[in-house]
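Trainee: Below is start.txt; it holds compact mmCIF, N, CA and C atoms.
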# COMPACT_ATOMS: atom_id res chain seq x y z
N MET A 1 79.35 144.62 108.12
CA MET A 1 78.69 143.38 107.78
C MET A 1 77.21 143.70 107.59
N ASP A 2 76.71 143.27 106.45
CA ASP A 2 75.29 143.51 106.23
C ASP A 2 74.46 142.32 106.74
N ARG A 3 73.18 142.45 106.62
CA ARG A 3 72.27 141.45 107.18
C ARG A 3 72.46 140.08 106.53
N ARG A 4 72.69 140.03 105.22
CA ARG A 4 72.87 138.75 104.53
C ARG A 4 74.13 138.04 105.01
N ASP A 5 75.20 138.77 105.19
CA ASP A 5 76.44 138.17 105.71
C ASP A 5 76.20 137.60 107.11
N PHE A 6 75.50 138.36 107.92
CA PHE A 6 75.21 137.90 109.28
C PHE A 6 74.39 136.61 109.25
N LEU A 7 73.36 136.58 108.39
CA LEU A 7 72.51 135.39 108.31
C LEU A 7 73.29 134.18 107.79
N ARG A 8 74.19 134.37 106.84
CA ARG A 8 75.02 133.26 106.34
C ARG A 8 75.90 132.71 107.46
N MET A 9 76.54 133.62 108.20
CA MET A 9 77.41 133.19 109.30
C MET A 9 76.61 132.49 110.38
N ALA A 10 75.45 133.01 110.72
CA ALA A 10 74.62 132.39 111.74
C ALA A 10 74.14 131.02 111.28
N GLY A 11 73.76 130.92 110.01
CA GLY A 11 73.31 129.64 109.46
C GLY A 11 74.42 128.60 109.46
N ALA A 12 75.62 129.02 109.08
CA ALA A 12 76.76 128.10 109.09
C ALA A 12 77.06 127.64 110.51
N GLY A 13 77.04 128.56 111.44
CA GLY A 13 77.29 128.20 112.85
C GLY A 13 76.23 127.24 113.38
N LEU A 14 74.99 127.48 113.03
CA LEU A 14 73.90 126.61 113.45
C LEU A 14 74.07 125.22 112.84
N GLY A 15 74.46 125.16 111.57
CA GLY A 15 74.68 123.87 110.91
C GLY A 15 75.77 123.06 111.57
N VAL A 16 76.89 123.71 111.89
CA VAL A 16 77.99 123.03 112.57
C VAL A 16 77.55 122.53 113.94
N THR A 17 76.82 123.36 114.66
CA THR A 17 76.32 122.97 115.99
C THR A 17 75.40 121.77 115.90
N LEU A 18 74.49 121.77 114.92
CA LEU A 18 73.57 120.64 114.76
C LEU A 18 74.32 119.36 114.41
N LEU A 19 75.32 119.45 113.54
CA LEU A 19 76.10 118.27 113.20
C LEU A 19 76.81 117.72 114.43
N ALA A 20 77.38 118.60 115.25
CA ALA A 20 78.08 118.16 116.45
C ALA A 20 77.12 117.50 117.43
N LEU A 21 75.93 118.08 117.59
CA LEU A 21 74.96 117.53 118.54
C LEU A 21 74.38 116.19 118.09
N THR A 22 74.30 115.97 116.80
CA THR A 22 73.74 114.72 116.31
C THR A 22 74.79 113.63 116.16
N GLY A 23 76.04 113.94 116.49
CA GLY A 23 77.08 112.92 116.44
C GLY A 23 77.75 112.79 115.10
N CYS A 24 77.49 113.68 114.18
CA CYS A 24 78.16 113.64 112.89
C CYS A 24 79.52 114.31 113.01
N GLY A 25 80.40 113.95 112.12
CA GLY A 25 81.72 114.55 112.17
C GLY A 25 82.69 113.68 112.94
N PRO A 26 83.93 114.13 113.07
CA PRO A 26 84.98 113.30 113.64
C PRO A 26 84.76 112.92 115.09
N GLN A 27 84.04 113.71 115.87
CA GLN A 27 83.84 113.40 117.28
C GLN A 27 82.64 112.48 117.48
N GLY A 28 81.98 112.04 116.42
CA GLY A 28 80.77 111.27 116.52
C GLY A 28 80.98 109.77 116.60
N LEU A 29 82.09 109.29 117.11
CA LEU A 29 82.36 107.87 117.22
C LEU A 29 81.47 107.26 118.30
N SER A 30 80.67 106.26 117.93
CA SER A 30 79.78 105.63 118.91
C SER A 30 80.60 104.82 119.91
N ALA A 31 80.01 104.50 121.04
CA ALA A 31 80.70 103.72 122.07
C ALA A 31 81.12 102.36 121.53
N ALA A 32 80.25 101.74 120.74
CA ALA A 32 80.57 100.43 120.18
C ALA A 32 81.73 100.52 119.19
N MET A 33 81.74 101.57 118.37
CA MET A 33 82.82 101.76 117.41
C MET A 33 84.13 102.08 118.13
N ALA A 34 84.07 102.87 119.20
CA ALA A 34 85.27 103.20 119.97
C ALA A 34 85.85 101.94 120.59
N LYS A 35 84.99 101.09 121.12
CA LYS A 35 85.45 99.83 121.73
C LYS A 35 86.08 98.93 120.68
N GLN A 36 85.46 98.85 119.51
CA GLN A 36 85.99 98.04 118.42
C GLN A 36 87.36 98.56 117.97
N GLU A 37 87.49 99.88 117.85
CA GLU A 37 88.77 100.47 117.45
C GLU A 37 89.84 100.22 118.52
N CYS A 38 89.45 100.32 119.79
CA CYS A 38 90.37 100.07 120.88
C CYS A 38 90.88 98.63 120.83
N PHE A 39 89.97 97.67 120.61
CA PHE A 39 90.38 96.27 120.54
C PHE A 39 91.29 96.03 119.32
N ALA A 40 91.02 96.70 118.21
CA ALA A 40 91.89 96.58 117.04
C ALA A 40 93.29 97.11 117.36
N ASN A 41 93.35 98.22 118.10
CA ASN A 41 94.64 98.77 118.53
C ASN A 41 95.37 97.78 119.43
N GLN A 42 94.62 97.13 120.32
CA GLN A 42 95.24 96.15 121.22
C GLN A 42 95.86 95.00 120.43
N THR A 43 95.22 94.59 119.36
CA THR A 43 95.76 93.52 118.52
C THR A 43 97.06 93.98 117.86
N LYS A 44 97.08 95.21 117.37
CA LYS A 44 98.30 95.75 116.76
C LYS A 44 99.44 95.81 117.78
N ILE A 45 99.10 96.25 118.99
CA ILE A 45 100.10 96.36 120.05
C ILE A 45 100.64 94.97 120.39
N ARG A 46 99.76 94.01 120.54
CA ARG A 46 100.17 92.64 120.88
C ARG A 46 101.05 92.07 119.78
N ASP A 47 100.69 92.29 118.52
CA ASP A 47 101.51 91.81 117.41
C ASP A 47 102.91 92.41 117.46
N MET A 48 102.99 93.70 117.79
CA MET A 48 104.30 94.36 117.89
C MET A 48 105.11 93.76 119.05
N PHE A 49 104.44 93.49 120.16
CA PHE A 49 105.13 92.84 121.29
C PHE A 49 105.68 91.49 120.87
N ASP A 50 104.90 90.72 120.12
CA ASP A 50 105.36 89.42 119.64
C ASP A 50 106.60 89.55 118.77
N LEU A 51 106.62 90.56 117.89
CA LEU A 51 107.78 90.78 117.03
C LEU A 51 109.02 91.16 117.84
N PHE A 52 108.84 92.09 118.80
CA PHE A 52 109.96 92.47 119.65
C PHE A 52 110.51 91.26 120.39
N TYR A 53 109.60 90.46 120.94
CA TYR A 53 110.01 89.30 121.74
C TYR A 53 110.74 88.27 120.87
N ALA A 54 110.25 88.08 119.66
CA ALA A 54 110.88 87.13 118.74
C ALA A 54 112.31 87.56 118.40
N ASP A 55 112.54 88.86 118.32
CA ASP A 55 113.88 89.37 117.99
C ASP A 55 114.83 89.38 119.17
N SER A 56 114.31 89.73 120.36
CA SER A 56 115.22 89.97 121.49
C SER A 56 115.01 89.05 122.69
N GLY A 57 113.89 88.35 122.73
CA GLY A 57 113.59 87.52 123.89
C GLY A 57 113.10 88.32 125.09
N GLU A 58 112.82 89.60 124.88
CA GLU A 58 112.31 90.47 125.94
C GLU A 58 111.17 91.33 125.40
N TYR A 59 110.33 91.78 126.32
CA TYR A 59 109.25 92.69 125.95
C TYR A 59 109.70 94.12 126.23
N PRO A 60 109.43 95.03 125.28
CA PRO A 60 109.78 96.43 125.50
C PRO A 60 108.75 97.12 126.39
N PRO A 61 109.04 98.32 126.85
CA PRO A 61 108.03 99.09 127.59
C PRO A 61 106.84 99.41 126.67
N ILE A 62 105.65 99.39 127.24
CA ILE A 62 104.43 99.63 126.47
C ILE A 62 104.46 100.99 125.78
N GLY A 63 105.06 101.99 126.43
CA GLY A 63 105.11 103.33 125.84
C GLY A 63 105.84 103.37 124.52
N ILE A 64 106.89 102.58 124.39
CA ILE A 64 107.65 102.54 123.14
C ILE A 64 106.80 101.93 122.02
N VAL A 65 106.09 100.86 122.33
CA VAL A 65 105.27 100.19 121.33
C VAL A 65 104.13 101.10 120.87
N VAL A 66 103.45 101.71 121.83
CA VAL A 66 102.33 102.60 121.50
C VAL A 66 102.81 103.78 120.66
N GLU A 67 103.97 104.33 121.03
CA GLU A 67 104.52 105.46 120.27
C GLU A 67 104.90 105.05 118.86
N LYS A 68 105.56 103.91 118.71
CA LYS A 68 105.97 103.45 117.38
C LYS A 68 104.77 103.22 116.47
N LEU A 69 103.70 102.66 117.05
CA LEU A 69 102.50 102.40 116.26
C LEU A 69 101.64 103.64 116.06
N GLY A 70 101.77 104.61 116.95
CA GLY A 70 100.96 105.82 116.86
C GLY A 70 99.49 105.57 117.16
N VAL A 71 99.22 104.62 118.07
CA VAL A 71 97.84 104.30 118.41
C VAL A 71 97.47 104.91 119.76
N LYS A 72 96.17 105.18 119.91
CA LYS A 72 95.66 105.64 121.20
C LYS A 72 94.22 105.19 121.31
N CYS A 73 93.79 105.01 122.53
CA CYS A 73 92.40 104.61 122.76
C CYS A 73 91.50 105.77 122.35
N PRO A 74 90.48 105.51 121.54
CA PRO A 74 89.60 106.58 121.11
C PRO A 74 88.77 107.18 122.25
N SER A 75 88.70 106.49 123.38
CA SER A 75 87.95 107.00 124.53
C SER A 75 88.86 107.56 125.61
N GLY A 76 90.14 107.69 125.32
CA GLY A 76 91.08 108.29 126.25
C GLY A 76 91.69 107.32 127.25
N GLY A 77 91.49 106.04 127.06
CA GLY A 77 92.06 105.04 127.97
C GLY A 77 93.56 104.90 127.79
N VAL A 78 94.16 104.17 128.71
CA VAL A 78 95.60 103.92 128.69
C VAL A 78 95.83 102.43 128.46
N TYR A 79 96.72 102.11 127.53
CA TYR A 79 97.02 100.71 127.25
C TYR A 79 98.06 100.20 128.24
N ARG A 80 97.87 98.93 128.63
CA ARG A 80 98.80 98.26 129.54
C ARG A 80 99.15 96.90 128.96
N PHE A 81 100.34 96.41 129.32
CA PHE A 81 100.77 95.08 128.90
C PHE A 81 101.17 94.28 130.12
N ASP A 82 100.62 93.08 130.23
CA ASP A 82 100.96 92.17 131.33
C ASP A 82 101.83 91.06 130.76
N ALA A 83 103.11 91.09 131.10
CA ALA A 83 104.05 90.11 130.57
C ALA A 83 103.78 88.71 131.10
N LYS A 84 103.18 88.59 132.27
CA LYS A 84 102.87 87.27 132.84
C LYS A 84 101.81 86.54 132.03
N THR A 85 100.77 87.28 131.64
CA THR A 85 99.68 86.67 130.86
C THR A 85 99.80 86.98 129.38
N VAL A 86 100.76 87.81 129.03
CA VAL A 86 101.01 88.26 127.65
C VAL A 86 99.72 88.81 127.04
N THR A 87 99.08 89.73 127.76
CA THR A 87 97.86 90.35 127.28
C THR A 87 97.99 91.88 127.31
N VAL A 88 97.33 92.49 126.35
CA VAL A 88 97.22 93.94 126.28
C VAL A 88 95.81 94.30 126.72
N SER A 89 95.69 95.32 127.56
CA SER A 89 94.38 95.76 127.99
C SER A 89 94.32 97.28 127.96
N CYS A 90 93.11 97.79 128.12
CA CYS A 90 92.86 99.23 128.12
C CYS A 90 92.16 99.58 129.43
N SER A 91 92.51 100.71 129.98
CA SER A 91 91.91 101.14 131.25
C SER A 91 90.42 101.46 131.10
N VAL A 92 89.95 101.67 129.88
CA VAL A 92 88.53 101.97 129.64
C VAL A 92 87.78 100.73 129.15
N HIS A 93 88.33 100.03 128.17
CA HIS A 93 87.62 98.95 127.50
C HIS A 93 88.02 97.54 127.92
N GLY A 94 88.96 97.40 128.81
CA GLY A 94 89.42 96.06 129.18
C GLY A 94 90.27 95.47 128.08
N HIS A 95 90.15 94.17 127.86
CA HIS A 95 90.93 93.57 126.76
C HIS A 95 90.01 92.80 125.85
N GLY A 96 90.41 92.80 124.57
CA GLY A 96 89.56 92.20 123.55
C GLY A 96 89.97 90.80 123.19
What is this file in structure tokens?
Mentor:
Amino acid sequence: MDRRDFLRMAGAGLGVTLLALTGCGPQGLSAAMAKQECFANQTKIRDMFDLFYADSGEYPPIGIVVEKLGVKCPSGGVYRFDAKTVTVSCSVHGHG
């Protein structure tokens, strides 16, 4: 590897590092955006629960609904469903 190749690689690595540190790229979701996405997921989950209930008169396990929809909390929270209050919540963001 000559000096120019080394400098190109170092420059590319530095650029990627700077983008990551400034919040650019896929991991750069702000806290407000993560909360908004989580609440949108909760709405999708609740809608699916309503459909299941309309068809069968029962609520399915939350894991089945989350898996079918392919949703997850962007902050790593866990979704829960309370059949008594018919609400979906997140262990990180609460409920929207």
Trainee: I'd like to know which of A:Gln36, A:Ser75, A:Ser56, A:Thr43 is closest to Ser89 in chain A, using only C-alpha atoms.
Mentor: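 Nearest to Ser89 in chain A: A:Thr43.
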Trainee: Check the smallest atom-to-atom distance from each of A:Val86, A:Leu29, A:Val78, A:Ala40 to Tyr59 in chain A using only C-alpha atoms, then report the winner.
Mentor: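 Of A:Val86, A:Leu29, A:Val78, A:Ala40, the one nearest Tyr59 in chain A, counting only C-alpha atoms, is A:Val86.
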Trainee: To one decimal place in Å, what is the distance between CA of Cys73 in chain A and atom C of Glu37 in chain A?
Mentor: 6.6 Å
Trainee: Which of these, A:Lys35, A:Lys68, A:Ala54, A:Asn41, has the shortest distance to Val92 in chain A once you count all atoms listed in the file?
Mentor: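 Between A:Lys35, A:Lys68, A:Ala54, A:Asn41, the residue approaching Val92 in chain A most closely is A:Lys35.
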Trainee: Expressed in Å to a single decimal, how great is the separation between CA of Gly94 in chain A and atom C of Tyr53 in chain A?
Mentor: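 Rounded to one decimal, the two atoms are 24.2 Å apart.
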Trainee: In Å, with one decimal, what is the gap from CA of Pro60 in chain A to CA of Ser91 in chain A?
Mentor: 19.4 Å
